[in-house]
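Asks: Contents of protein_25.cif (mmCIF, C-alpha atoms) are given next:
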```cif
data_structure
#
loop_
_atom_site.group_PDB
_atom_site.id
_atom_site.type_symbol
_atom_site.label_atom_id
_atom_site.label_comp_id
_atom_site.auth_asym_id
_atom_site.auth_seq_id
_atom_site.Cartn_x
_atom_site.Cartn_y
_atom_site.Cartn_z
ATOM 1 C CA MET A 1 26.260 -9.916 21.796
ATOM 2 C CA ASN A 2 25.621 -7.350 24.506
ATOM 3 C CA SER A 3 22.213 -6.767 26.032
ATOM 4 C CA SER A 4 21.363 -3.498 24.266
ATOM 5 C CA SER A 5 21.863 -4.926 20.784
ATOM 6 C CA PHE A 6 19.839 -7.949 21.842
ATOM 7 C CA ARG A 7 16.893 -5.716 22.697
ATOM 8 C CA PHE A 8 17.301 -3.847 19.435
ATOM 9 C CA PHE A 9 16.799 -7.062 17.504
ATOM 10 C CA GLN A 10 13.884 -8.316 19.576
ATOM 11 C CA PHE A 11 11.270 -7.215 17.062
ATOM 12 C CA ALA A 12 13.437 -8.523 14.265
ATOM 13 C CA ALA A 13 12.465 -12.005 15.446
ATOM 14 C CA PRO A 14 9.507 -13.253 13.383
ATOM 15 C CA ALA A 15 7.729 -14.526 16.522
ATOM 16 C CA ARG A 16 7.819 -11.104 18.214
ATOM 17 C CA PHE A 17 6.833 -9.357 15.032
ATOM 18 C CA TYR A 18 3.906 -11.719 14.483
ATOM 19 C CA ALA A 19 2.370 -10.798 17.847
ATOM 20 C CA LEU A 20 3.096 -7.069 17.619
ATOM 21 C CA ALA A 21 1.767 -6.683 14.056
ATOM 22 C CA GLY A 22 -1.342 -8.660 14.973
ATOM 23 C CA ALA A 23 -2.064 -6.187 17.758
ATOM 24 C CA LEU A 24 -1.512 -3.165 15.487
ATOM 25 C CA VAL A 25 -3.652 -4.217 12.498
ATOM 26 C CA PRO A 26 -7.099 -3.363 14.010
ATOM 27 C CA TRP A 27 -5.830 0.119 14.951
ATOM 28 C CA CYS A 28 -4.571 0.651 11.408
ATOM 29 C CA TRP A 29 -8.012 -0.252 10.032
ATOM 30 C CA ALA A 30 -9.731 2.081 12.509
ATOM 31 C CA ALA A 31 -7.395 4.933 11.498
ATOM 32 C CA PHE A 32 -8.010 4.179 7.815
ATOM 33 C CA ALA A 33 -11.803 4.253 8.217
ATOM 34 C CA ALA A 34 -11.807 7.492 10.206
ATOM 35 C CA LEU A 35 -9.312 9.324 7.958
ATOM 36 C CA ALA A 36 -10.978 8.188 4.720
ATOM 37 C CA ALA A 37 -14.461 9.154 5.991
ATOM 38 C CA VAL A 38 -13.388 12.671 6.966
ATOM 39 C CA GLY A 39 -11.167 13.068 3.889
ATOM 40 C CA LEU A 40 -13.939 12.057 1.475
ATOM 41 C CA TRP A 41 -16.466 14.225 3.269
ATOM 42 C CA ILE A 42 -14.265 17.304 2.938
ATOM 43 C CA GLY A 43 -13.277 16.323 -0.604
ATOM 44 C CA PHE A 44 -16.840 15.978 -1.874
ATOM 45 C CA PHE A 45 -18.937 18.248 0.344
ATOM 46 C CA VAL A 46 -16.663 21.028 1.583
ATOM 47 C CA ALA A 47 -13.989 21.596 -1.095
ATOM 48 C CA PRO A 48 -15.252 24.016 -3.757
ATOM 49 C CA THR A 49 -15.497 23.415 -7.498
ATOM 50 C CA ASP A 50 -12.194 24.086 -9.277
ATOM 51 C CA ALA A 51 -12.233 27.253 -11.374
ATOM 52 C CA THR A 52 -10.566 25.720 -14.444
ATOM 53 C CA GLN A 53 -11.221 21.964 -14.193
ATOM 54 C CA GLY A 54 -14.744 21.924 -12.783
ATOM 55 C CA GLU A 55 -15.578 18.791 -10.772
ATOM 56 C CA SER A 56 -13.125 16.494 -12.584
ATOM 57 C CA TYR A 57 -10.354 17.690 -10.268
ATOM 58 C CA ARG A 58 -11.933 15.693 -7.401
ATOM 59 C CA ILE A 59 -9.994 12.684 -8.710
ATOM 60 C CA ILE A 60 -6.967 14.370 -7.096
ATOM 61 C CA PHE A 61 -8.051 13.120 -3.645
ATOM 62 C CA ILE A 62 -7.168 9.560 -4.644
ATOM 63 C CA HIS A 63 -4.788 10.137 -7.566
ATOM 64 C CA VAL A 64 -2.067 12.035 -5.700
ATOM 65 C CA PRO A 65 -2.161 9.832 -2.554
ATOM 66 C CA ALA A 66 -2.003 6.679 -4.733
ATOM 67 C CA ALA A 67 0.932 8.087 -6.731
ATOM 68 C CA TRP A 68 2.782 9.085 -3.544
ATOM 69 C CA MET A 69 2.192 5.651 -2.014
ATOM 70 C CA SER A 70 3.415 3.917 -5.188
ATOM 71 C CA MET A 71 6.776 5.717 -4.929
ATOM 72 C CA LEU A 72 7.087 5.623 -1.138
ATOM 73 C CA LEU A 73 6.272 1.912 -0.917
ATOM 74 C CA TYR A 74 8.865 1.163 -3.593
ATOM 75 C CA LEU A 75 11.581 2.917 -1.576
ATOM 76 C CA VAL A 76 10.474 1.185 1.641
ATOM 77 C CA MET A 77 10.437 -2.161 -0.175
ATOM 78 C CA ALA A 78 13.939 -1.569 -1.586
ATOM 79 C CA PHE A 79 15.154 -0.477 1.868
ATOM 80 C CA TRP A 80 13.927 -3.626 3.653
ATOM 81 C CA ALA A 81 15.107 -5.837 0.797
ATOM 82 C CA ALA A 82 18.577 -4.258 1.135
ATOM 83 C CA VAL A 83 18.540 -4.690 4.947
ATOM 84 C CA GLY A 84 17.487 -8.311 4.513
ATOM 85 C CA TRP A 85 20.349 -8.915 2.121
ATOM 86 C CA ALA A 86 23.082 -6.946 3.914
ATOM 87 C CA PHE A 87 22.339 -8.149 7.470
ATOM 88 C CA ASN A 88 20.910 -11.538 6.560
ATOM 89 C CA ALA A 89 17.664 -10.474 8.294
ATOM 90 C CA ARG A 90 14.883 -12.801 7.169
ATOM 91 C CA LEU A 91 12.054 -10.666 8.545
ATOM 92 C CA ALA A 92 13.236 -7.630 6.542
ATOM 93 C CA SER A 93 13.162 -9.670 3.329
ATOM 94 C CA MET A 94 9.695 -10.987 4.160
ATOM 95 C CA THR A 95 8.501 -7.403 4.741
ATOM 96 C CA ALA A 96 9.874 -6.374 1.333
ATOM 97 C CA ARG A 97 7.928 -9.188 -0.298
ATOM 98 C CA ALA A 98 4.781 -8.197 1.582
ATOM 99 C CA ILE A 99 5.041 -4.571 0.380
ATOM 100 C CA ALA A 100 5.372 -5.367 -3.346
ATOM 101 C CA PRO A 101 1.738 -6.333 -4.183
ATOM 102 C CA THR A 102 0.331 -3.293 -2.348
ATOM 103 C CA GLY A 103 2.853 -1.019 -4.074
ATOM 104 C CA ALA A 104 1.912 -2.492 -7.440
ATOM 105 C CA MET A 105 -1.780 -1.918 -6.677
ATOM 106 C CA PHE A 106 -1.213 1.753 -5.810
ATOM 107 C CA THR A 107 0.872 2.180 -8.985
ATOM 108 C CA PHE A 108 -1.971 0.730 -11.032
ATOM 109 C CA LEU A 109 -4.450 3.024 -9.255
ATOM 110 C CA ALA A 110 -2.254 6.077 -9.904
ATOM 111 C CA LEU A 111 -2.201 5.192 -13.617
ATOM 112 C CA TRP A 112 -5.915 4.357 -13.738
ATOM 113 C CA THR A 113 -7.130 7.481 -11.931
ATOM 114 C CA GLY A 114 -4.612 9.508 -13.963
ATOM 115 C CA ALA A 115 -6.069 8.183 -17.228
ATOM 116 C CA LEU A 116 -9.600 9.041 -16.111
ATOM 117 C CA TRP A 117 -8.416 12.498 -15.143
ATOM 118 C CA GLY A 118 -6.351 12.987 -18.297
ATOM 119 C CA LYS A 119 -9.201 12.245 -20.684
ATOM 120 C CA PRO A 120 -11.420 15.204 -19.696
ATOM 121 C CA THR A 121 -8.470 17.501 -18.886
ATOM 122 C CA TRP A 122 -5.936 16.807 -21.658
ATOM 123 C CA GLY A 123 -8.255 15.072 -24.124
ATOM 124 C CA THR A 124 -6.311 11.796 -23.986
ATOM 125 C CA TRP A 125 -6.226 8.731 -21.700
ATOM 126 C CA TRP A 126 -2.527 8.223 -22.143
ATOM 127 C CA VAL A 127 0.517 9.982 -23.490
ATOM 128 C CA TRP A 128 4.098 8.655 -23.633
ATOM 129 C CA ASP A 129 5.612 11.506 -21.665
ATOM 130 C CA ALA A 130 8.256 11.294 -18.943
ATOM 131 C CA ARG A 131 5.941 11.249 -15.903
ATOM 132 C CA LEU A 132 3.492 8.654 -17.195
ATOM 133 C CA THR A 133 6.126 6.425 -18.772
ATOM 134 C CA SER A 134 8.332 6.369 -15.658
ATOM 135 C CA GLU A 135 5.272 5.531 -13.509
ATOM 136 C CA LEU A 136 4.467 2.667 -15.898
ATOM 137 C CA ILE A 137 8.072 1.456 -15.520
ATOM 138 C CA LEU A 138 7.500 1.497 -11.748
ATOM 139 C CA LEU A 139 4.584 -0.906 -12.242
ATOM 140 C CA PHE A 140 6.837 -3.177 -14.323
ATOM 141 C CA LEU A 141 9.493 -3.056 -11.579
ATOM 142 C CA TYR A 142 6.963 -4.208 -8.969
ATOM 143 C CA VAL A 143 5.712 -6.969 -11.269
ATOM 144 C CA GLY A 144 9.304 -7.925 -12.095
ATOM 145 C CA PHE A 145 10.215 -8.133 -8.391
ATOM 146 C CA LEU A 146 7.174 -10.327 -7.656
ATOM 147 C CA SER A 147 7.837 -12.653 -10.619
ATOM 148 C CA LEU A 148 11.524 -12.945 -9.787
ATOM 149 C CA VAL A 149 11.069 -13.884 -6.124
ATOM 150 C CA SER A 150 8.320 -16.357 -6.946
ATOM 151 C CA ALA A 151 10.392 -17.976 -9.720
ATOM 152 C CA ILE A 152 13.285 -18.986 -7.415
ATOM 153 C CA ASP A 153 12.583 -21.930 -5.131
ATOM 154 C CA ASP A 154 15.171 -21.300 -2.410
ATOM 155 C CA PRO A 155 13.560 -18.470 -0.376
ATOM 156 C CA ARG A 156 16.812 -16.783 0.696
ATOM 157 C CA ARG A 157 18.254 -16.874 -2.824
ATOM 158 C CA ALA A 158 14.979 -15.423 -4.087
ATOM 159 C CA ASP A 159 15.211 -12.684 -1.431
ATOM 160 C CA ARG A 160 18.719 -11.740 -2.567
ATOM 161 C CA ALA A 161 17.807 -11.679 -6.261
ATOM 162 C CA GLY A 162 14.715 -9.589 -5.474
ATOM 163 C CA ALA A 163 16.807 -7.206 -3.369
ATOM 164 C CA LEU A 164 19.190 -6.607 -6.260
ATOM 165 C CA LEU A 165 16.312 -5.808 -8.607
ATOM 166 C CA ALA A 166 14.607 -3.571 -6.020
ATOM 167 C CA ILE A 167 17.796 -1.611 -5.275
ATOM 168 C CA VAL A 168 18.723 -1.064 -8.926
ATOM 169 C CA GLY A 169 15.134 -0.129 -9.775
ATOM 170 C CA SER A 170 14.927 2.512 -7.027
ATOM 171 C CA ILE A 171 16.780 4.921 -9.377
ATOM 172 C CA ASN A 172 13.404 5.192 -11.142
ATOM 173 C CA VAL A 173 11.696 6.841 -8.149
ATOM 174 C CA PRO A 174 13.571 10.192 -8.278
ATOM 175 C CA ILE A 175 13.132 10.083 -12.062
ATOM 176 C CA ILE A 176 9.333 9.886 -11.589
ATOM 177 C CA TYR A 177 9.352 12.599 -8.956
ATOM 178 C CA PHE A 178 11.480 15.112 -10.887
ATOM 179 C CA SER A 179 10.245 14.141 -14.365
ATOM 180 C CA VAL A 180 7.846 17.099 -14.466
ATOM 181 C CA LYS A 181 10.806 19.427 -13.854
ATOM 182 C CA TRP A 182 13.421 17.775 -16.042
ATOM 183 C CA TRP A 183 11.309 17.259 -19.145
ATOM 184 C CA ASN A 184 8.614 19.149 -20.922
ATOM 185 C CA THR A 185 5.470 17.244 -20.091
ATOM 186 C CA LEU A 186 1.717 17.393 -20.250
ATOM 187 C CA HIS A 187 1.523 16.452 -16.574
ATOM 188 C CA GLN A 188 1.225 19.345 -14.158
ATOM 189 C CA GLY A 189 4.025 20.114 -11.708
ATOM 190 C CA ALA A 190 4.298 18.869 -8.139
ATOM 191 C CA THR A 191 1.084 19.428 -6.186
ATOM 192 C CA ILE A 192 2.892 20.131 -2.949
ATOM 193 C CA SER A 193 6.230 21.840 -2.578
ATOM 194 C CA VAL A 194 8.114 22.427 0.655
ATOM 195 C CA THR A 195 9.532 25.695 -0.636
ATOM 196 C CA ALA A 196 6.482 27.348 -2.213
ATOM 197 C CA ALA A 197 3.111 28.294 -0.742
ATOM 198 C CA PRO A 198 0.309 25.871 -1.687
ATOM 199 C CA LYS A 199 -1.394 26.792 -4.941
ATOM 200 C CA MET A 200 -4.706 25.128 -4.038
ATOM 201 C CA ALA A 201 -7.557 25.972 -1.687
ATOM 202 C CA SER A 202 -6.843 24.866 1.863
ATOM 203 C CA THR A 203 -9.921 22.604 1.991
ATOM 204 C CA MET A 204 -8.698 20.764 -1.133
ATOM 205 C CA LEU A 205 -5.262 20.402 0.440
ATOM 206 C CA THR A 206 -6.756 19.151 3.720
ATOM 207 C CA ALA A 207 -8.830 16.494 1.935
ATOM 208 C CA MET A 208 -5.822 15.327 -0.077
ATOM 209 C CA LEU A 209 -3.568 15.073 2.976
ATOM 210 C CA LEU A 210 -6.244 13.201 4.971
ATOM 211 C CA MET A 211 -6.627 10.725 2.100
ATOM 212 C CA THR A 212 -2.844 10.310 2.000
ATOM 213 C CA LEU A 213 -2.803 9.459 5.719
ATOM 214 C CA ALA A 214 -5.732 7.071 5.139
ATOM 215 C CA PHE A 215 -3.777 5.285 2.394
ATOM 216 C CA TRP A 216 -0.787 5.054 4.761
ATOM 217 C CA ALA A 217 -2.958 3.384 7.398
ATOM 218 C CA TYR A 218 -4.353 1.036 4.740
ATOM 219 C CA ALA A 219 -0.846 0.125 3.565
ATOM 220 C CA PHE A 220 0.282 -0.611 7.140
ATOM 221 C CA ALA A 221 -2.758 -2.820 7.798
ATOM 222 C CA VAL A 222 -2.422 -4.832 4.589
ATOM 223 C CA VAL A 223 1.379 -5.130 4.677
ATOM 224 C CA PHE A 224 1.364 -6.209 8.342
ATOM 225 C CA THR A 225 -1.252 -8.887 7.630
ATOM 226 C CA ARG A 226 0.593 -10.122 4.531
ATOM 227 C CA THR A 227 3.910 -10.208 6.400
ATOM 228 C CA ARG A 228 2.243 -12.271 9.144
ATOM 229 C CA ALA A 229 1.017 -14.733 6.520
ATOM 230 C CA ILE A 230 4.488 -14.962 4.925
ATOM 231 C CA VAL A 231 6.105 -15.435 8.356
ATOM 232 C CA LEU A 232 3.776 -18.359 9.108
ATOM 233 C CA GLU A 233 4.307 -19.887 5.662
ATOM 234 C CA ARG A 234 8.092 -19.766 6.043
ATOM 235 C CA ASP A 235 8.443 -20.524 9.725
ATOM 236 C CA ARG A 236 5.945 -23.365 9.721
ATOM 237 C CA HIS A 237 8.479 -25.759 11.199
ATOM 238 C CA ALA A 238 9.344 -23.425 14.089
ATOM 239 C CA SER A 239 7.753 -24.262 17.422
ATOM 240 C CA TRP A 240 6.549 -20.685 18.031
ATOM 241 C CA ALA A 241 4.475 -20.762 14.846
ATOM 242 C CA ARG A 242 2.760 -23.979 15.902
ATOM 243 C CA GLU A 243 2.109 -22.526 19.340
ATOM 244 C CA SER A 244 0.571 -19.392 17.826
ATOM 245 C CA VAL A 245 -2.232 -21.257 16.043
ATOM 246 C CA ARG A 246 -2.980 -23.609 18.939
ATOM 247 C CA PRO A 247 -6.060 -22.506 20.898
ATOM 248 C CA ALA A 248 -5.214 -21.201 24.354
ATOM 249 C CA PRO A 249 -5.227 -24.114 26.811
ATOM 250 C CA ALA A 250 -8.370 -24.216 28.939
ATOM 251 C CA PRO A 251 -7.737 -23.627 32.633
ATOM 252 C CA ALA A 252 -7.512 -26.950 34.396
ATOM 253 C CA THR A 253 -10.756 -27.595 36.247
ATOM 254 C CA PRO A 254 -10.914 -30.491 38.685
ATOM 255 C CA GLY A 255 -13.047 -33.302 37.323
ATOM 256 C CA MET A 256 -13.177 -31.889 33.811
ATOM 257 C CA GLN A 257 -12.757 -34.403 31.014
ATOM 258 C CA LEU A 258 -10.231 -33.245 28.422
ATOM 259 C CA MET B 1 -23.602 22.714 0.808
ATOM 260 C CA ILE B 2 -22.148 22.848 -2.696
ATOM 261 C CA TRP B 3 -24.652 20.407 -4.247
ATOM 262 C CA ASP B 4 -28.302 21.316 -4.771
ATOM 263 C CA SER B 5 -29.501 17.742 -5.289
ATOM 264 C CA ALA B 6 -28.328 14.144 -5.247
ATOM 265 C CA ALA B 7 -28.567 14.041 -9.049
ATOM 266 C CA GLU B 8 -26.232 16.998 -9.288
ATOM 267 C CA PHE B 9 -23.815 15.251 -6.939
ATOM 268 C CA PHE B 10 -23.742 12.077 -9.037
ATOM 269 C CA ALA B 11 -23.431 14.039 -12.295
ATOM 270 C CA MET B 12 -20.238 15.729 -10.993
ATOM 271 C CA GLY B 13 -20.726 18.651 -13.361
ATOM 272 C CA GLY B 14 -20.716 16.319 -16.371
ATOM 273 C CA TYR B 15 -17.564 14.479 -15.248
ATOM 274 C CA GLY B 16 -19.462 11.727 -13.421
ATOM 275 C CA LEU B 17 -18.107 8.917 -15.586
ATOM 276 C CA TYR B 18 -14.502 9.958 -14.953
ATOM 277 C CA VAL B 19 -14.794 10.797 -11.262
ATOM 278 C CA TRP B 20 -16.877 7.745 -10.322
ATOM 279 C CA GLY B 21 -14.871 5.499 -12.646
ATOM 280 C CA ALA B 22 -11.720 6.474 -10.771
ATOM 281 C CA TYR B 23 -13.309 6.071 -7.332
ATOM 282 C CA ALA B 24 -15.089 2.797 -8.142
ATOM 283 C CA VAL B 25 -11.928 1.021 -9.295
ATOM 284 C CA THR B 26 -9.970 2.383 -6.318
ATOM 285 C CA LEU B 27 -12.679 1.182 -3.943
ATOM 286 C CA ALA B 28 -12.793 -2.242 -5.623
ATOM 287 C CA CYS B 29 -9.018 -2.710 -5.380
ATOM 288 C CA MET B 30 -8.883 -1.544 -1.762
ATOM 289 C CA ALA B 31 -11.772 -3.856 -0.845
ATOM 290 C CA VAL B 32 -10.468 -6.965 -2.618
ATOM 291 C CA GLU B 33 -6.808 -6.779 -1.554
ATOM 292 C CA PRO B 34 -7.524 -6.946 2.215
ATOM 293 C CA LEU B 35 -9.857 -9.920 1.612
ATOM 294 C CA LEU B 36 -7.179 -11.784 -0.367
ATOM 295 C CA VAL B 37 -4.556 -11.015 2.275
ATOM 296 C CA ARG B 38 -6.846 -12.180 5.074
ATOM 297 C CA LYS B 39 -7.563 -15.370 3.125
ATOM 298 C CA ARG B 40 -3.837 -16.016 2.724
ATOM 299 C CA HIS B 41 -3.226 -15.465 6.447
ATOM 300 C CA ARG B 42 -6.081 -17.811 7.402
ATOM 301 C CA ALA B 43 -4.835 -20.461 4.975
ATOM 302 C CA ALA B 44 -1.367 -20.251 6.538
ATOM 303 C CA ARG B 45 -2.860 -20.675 10.021
ATOM 304 C CA ARG B 46 -5.014 -23.599 8.898
ATOM 305 C CA ALA B 47 -2.066 -25.335 7.237
ATOM 306 C CA LEU B 48 -0.055 -24.950 10.440
ATOM 307 C CA ALA B 49 -2.867 -26.242 12.619
ATOM 308 C CA ALA B 50 -3.338 -29.275 10.354
ATOM 309 C CA GLU B 51 0.394 -29.979 10.449
ATOM 310 C CA GLY B 52 0.340 -29.719 14.248
ATOM 311 C CA ASP B 53 -2.460 -32.309 14.449
ATOM 312 C CA SER B 54 -0.658 -34.838 12.280
ATOM 313 C CA ALA B 55 2.639 -34.399 14.148
#
```
I'd like the structure from this file rewritten - as structure tokens, please.
Replies:
Amino acid sequence: MNSSSFRFFQFAAPARFYALAGALVPWCWAAFAALAAVGLWIGFFVAPTDATQGESYRIIFIHVPAAWMSMLLYLVMAFWAAVGWAFNARLASMTARAIAPTGAMFTFLALWTGALWGKPTWGTWWVWDARLTSELILLFLYVGFLSLVSAIDDPRRADRAGALLAIVGSINVPIIYFSVKWWNTLHQGATISVTAAPKMASTMLTAMLLMTLAFWAYAFAVVFTRTRAIVLERDRHASWARESVRPAPAPATPGMQL
Amino acid sequence: MIWDSAAEFFAMGGYGLYVWGAYAVTLACMAVEPLLVRKRHRAARRALAAEGDSA
């Protein structure tokens, strides 16, 4: 192995990752707090009342970010699961496992906030249309991934089985995204489009994008911490892991009793 | 300011139950998950430290 590829894989080593992620987590939490504070302030005190939906539309500031995160995290999870399988990279598989519970939580939140938005807007909590049903399937895929990897004792076999499920299931993500175009549905179309001008007031858009960035920061913080826990659980027989929990040795002082 | 009083803010134009119901559950989930994750990380560290002592 030449030196450049060695450097490329440095952070692929669980020990390196453990230290780096530990240093990043407090910054992720700081970014989350700042972005969420400003986003909620604009969302509740600056953004105007919606002309057709009144105040109920304010659910959008968490509903759309949660729905985006649910889809994005699934693709990221499937990507790392595939990398872990294809390149036999343990850290990638551990990252995939660490993403799944957070992705499932955001999927649940997208469904929950959607139900509470649907009731006053459509007159129903739930409808079996393409968008809602495919999002519910996404929740089942996350739960299925988590059950599958926890049901197999050999961790690397579990990683491979989970990767297969994650990769096959990723076909559902474009189905969710385009469902409002492909089928006639109660759900409104995409909130943001790269090709069309935004249809909402710029303050509403700003609040929603700030909340999306806040949820990103949250996801990084939680996934990094969970990956660190998984790394320790799996590498508990490696010397670096034992070193990492040992308190730093006190500087040797002459005459000090140890 | 778009709200004339705190009561008006909490009423959310009659949609208070829906808006606050959505935000409360989101807040609860995003408060509990980090605590559970931190607990898991601490437990992993403790288990390692205990193993190191016995070795």
Asks: Could you expand the PyMOL selection byres ((chain A and resi 117) around 12) into the explicit residues it covers here, written as a PyMOL selection string?
Replies: (chain A and resi 53-64+109-116+118-126+187-188) or (chain B and resi 15-23)
Asks: Given the choices A:Cys28, A:Met105, A:Ala19, A:Leu136, which gets closest to chain B if the distance is worked out from only C-alpha atoms?
Replies: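 Answer, going by the shortest atom-to-atom distance: A:Met105.
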Asks: Could you check which of B:His41, B:Ala7, B:Ala50, B:Val25 is closest to chain A, using all atoms listed in the file?
Replies: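 Among B:His41, B:Ala7, B:Ala50, B:Val25, it is B:His41 that comes nearest to chain A.
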Asks: Give me, please, the distance in Å between CA of Leu27 in chain B and CA of Ile230 in chain A, quoted to one decimal.
Replies: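 Straight-line distance from CA of Leu27 in chain B to CA of Ile230 in chain A works out to 25.2 Å.
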Asks: Which residues are close to range 31-39 of chain B, i.e. within 10 Å by only C-alpha atoms, leaving aside same-chain residues fewer than 4 positions away? Reply as a count of residues only.
Replies: 21
Asks: Selected by the PyMOL selection byres ((chain A and resi 212-214) around 12) in the shown coordinates: which residues, as an mmCIF file with C-alpha atoms, keeping the file's coordinate frame?
Replies:
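As a result, out_19.cif now contains:
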```
data_model
loop_
_atom_site.group_PDB
_atom_site.id
_atom_site.type_symbol
_atom_site.label_atom_id
_atom_site.label_comp_id
_atom_site.auth_asym_id
_atom_site.auth_seq_id
_atom_site.Cartn_x
_atom_site.Cartn_y
_atom_site.Cartn_z
ATOM 1 C CA CYS A 28 -4.571 0.651 11.408
ATOM 2 C CA TRP A 29 -8.012 -0.252 10.032
ATOM 3 C CA ALA A 30 -9.731 2.081 12.509
ATOM 4 C CA ALA A 31 -7.395 4.933 11.498
ATOM 5 C CA PHE A 32 -8.010 4.179 7.815
ATOM 6 C CA ALA A 33 -11.803 4.253 8.217
ATOM 7 C CA ALA A 34 -11.807 7.492 10.206
ATOM 8 C CA LEU A 35 -9.312 9.324 7.958
ATOM 9 C CA ALA A 36 -10.978 8.188 4.720
ATOM 10 C CA ALA A 37 -14.461 9.154 5.991
ATOM 11 C CA VAL A 38 -13.388 12.671 6.966
ATOM 12 C CA GLY A 39 -11.167 13.068 3.889
ATOM 13 C CA LEU A 40 -13.939 12.057 1.475
ATOM 14 C CA ILE A 60 -6.967 14.370 -7.096
ATOM 15 C CA PHE A 61 -8.051 13.120 -3.645
ATOM 16 C CA ILE A 62 -7.168 9.560 -4.644
ATOM 17 C CA HIS A 63 -4.788 10.137 -7.566
ATOM 18 C CA VAL A 64 -2.067 12.035 -5.700
ATOM 19 C CA PRO A 65 -2.161 9.832 -2.554
ATOM 20 C CA ALA A 66 -2.003 6.679 -4.733
ATOM 21 C CA ALA A 67 0.932 8.087 -6.731
ATOM 22 C CA TRP A 68 2.782 9.085 -3.544
ATOM 23 C CA MET A 69 2.192 5.651 -2.014
ATOM 24 C CA SER A 70 3.415 3.917 -5.188
ATOM 25 C CA LEU A 72 7.087 5.623 -1.138
ATOM 26 C CA PHE A 106 -1.213 1.753 -5.810
ATOM 27 C CA LEU A 205 -5.262 20.402 0.440
ATOM 28 C CA THR A 206 -6.756 19.151 3.720
ATOM 29 C CA ALA A 207 -8.830 16.494 1.935
ATOM 30 C CA MET A 208 -5.822 15.327 -0.077
ATOM 31 C CA LEU A 209 -3.568 15.073 2.976
ATOM 32 C CA LEU A 210 -6.244 13.201 4.971
ATOM 33 C CA MET A 211 -6.627 10.725 2.100
ATOM 34 C CA PHE A 215 -3.777 5.285 2.394
ATOM 35 C CA TRP A 216 -0.787 5.054 4.761
ATOM 36 C CA ALA A 217 -2.958 3.384 7.398
ATOM 37 C CA TYR A 218 -4.353 1.036 4.740
ATOM 38 C CA ALA A 219 -0.846 0.125 3.565
ATOM 39 C CA PHE A 220 0.282 -0.611 7.140
ATOM 40 C CA ALA A 221 -2.758 -2.820 7.798
ATOM 41 C CA MET B 30 -8.883 -1.544 -1.762
#
```
Asks: How far is it from CA of Ala92 in chain A to CA of Val76 in chain A, in Å with one decimal?
Replies: 10.5 Å
Asks: Between CA of Leu75 in chain A and CA of Ile167 in chain A, what is the distance in Å, rounded to a tenth?
Replies: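 Computing the Euclidean distance for CA of Leu75 in chain A and CA of Ile167 in chain A yields 8.5 Å.
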Asks: Pick the closest to chain B from A:Ala158, A:Leu73, A:Met204, A:Val245: which is it, counting only C-alpha atoms?
Replies: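 Nearest to chain B: A:Val245.
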Asks: Could you pull the residues within 12 Å of Ala49 in chain B, counting only C-alpha atoms, minus those fewer than 5 positions along the same chain, as an MDAnalysis selection string?
Replies: (chainID A and resid 232:233 236:237 239 241:247) or (chainID B and resid 42:44 54:55)
Asks: Using all atoms listed in the file, find the one residue out of A:Thr133, A:Asn88, A:Thr107, A:Ser93 that sits nearest to chain B.
Replies: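 When distances to chain B are compared using all atoms listed in the file, the smallest one comes from A:Thr107.
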Asks: Could you pull out every residue with an atom within 12 Å of (21.3, -16.5, -0.9), file coordinates, counting only C-alpha atoms, and send them as a ChimeraX atom specification?
Replies: /A:84-90,93,149,152-164
Asks: Write out as a PyMOL selection string which residues come within 10 Å of Phe178 in chain A when counting all atoms listed in the file, dropping same-chain ones fewer than 2 positions away.
Replies: chain A and resi 130-131+173-176+180-183+189-190
Asks: Skipping near chain neighbours, those fewer than 5 positions away, what residues fall within 8 Å of Leu91 in chain A using all atoms listed in the file, listed as a ChimeraX atom specification?
Replies: /A:12-14,84,231
Asks: Go through B:Ala6, B:Ala24, B:Leu48, B:Ala11 and flag the residue nearest chain A, using all atoms listed in the file for the distances.
Replies: B:Leu48
Asks: Rank nothing, just name the residue among A:Tyr74, A:Tyr177, A:Phe108, A:Phe79 nearest to Phe145 in chain A, using only C-alpha atoms.
Replies: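 Looking at the shortest contact to Phe145 in chain A, the residue is A:Tyr74.
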Asks: Starting from the incomplete input, reconstruct N, CA and C atoms of range 45-51 of chain A and write that as an mmCIF file, keeping the file's coordinate frame.
Replies:
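Dumped everything to out.cif:
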```
data_model
loop_
_atom_site.group_PDB
_atom_site.id
_atom_site.type_symbol
_atom_site.label_atom_id
_atom_site.label_comp_id
_atom_site.auth_asym_id
_atom_site.auth_seq_id
_atom_site.Cartn_x
_atom_site.Cartn_y
_atom_site.Cartn_z
ATOM 1 N N PHE A 45 -17.849 17.384 -0.140
ATOM 2 C CA PHE A 45 -18.937 18.248 0.344
ATOM 3 C C PHE A 45 -18.454 19.592 0.887
ATOM 4 N N VAL A 46 -17.164 19.755 1.071
ATOM 5 C CA VAL A 46 -16.663 21.028 1.583
ATOM 6 C C VAL A 46 -15.801 21.727 0.528
ATOM 7 N N ALA A 47 -14.892 20.984 -0.111
ATOM 8 C CA ALA A 47 -13.989 21.596 -1.095
ATOM 9 C C ALA A 47 -14.796 22.161 -2.261
ATOM 10 N N PRO A 48 -14.473 23.382 -2.684
ATOM 11 C CA PRO A 48 -15.252 24.016 -3.757
ATOM 12 C C PRO A 48 -14.920 23.444 -5.127
ATOM 13 N N THR A 49 -15.746 23.794 -6.108
ATOM 14 C CA THR A 49 -15.497 23.415 -7.498
ATOM 15 C C THR A 49 -14.251 24.146 -7.998
ATOM 16 N N ASP A 50 -13.408 23.442 -8.762
ATOM 17 C CA ASP A 50 -12.194 24.086 -9.277
ATOM 18 C C ASP A 50 -12.556 25.049 -10.401
ATOM 19 N N ALA A 51 -11.891 26.202 -10.419
ATOM 20 C CA ALA A 51 -12.233 27.253 -11.374
ATOM 21 C C ALA A 51 -11.976 26.822 -12.812
#
```
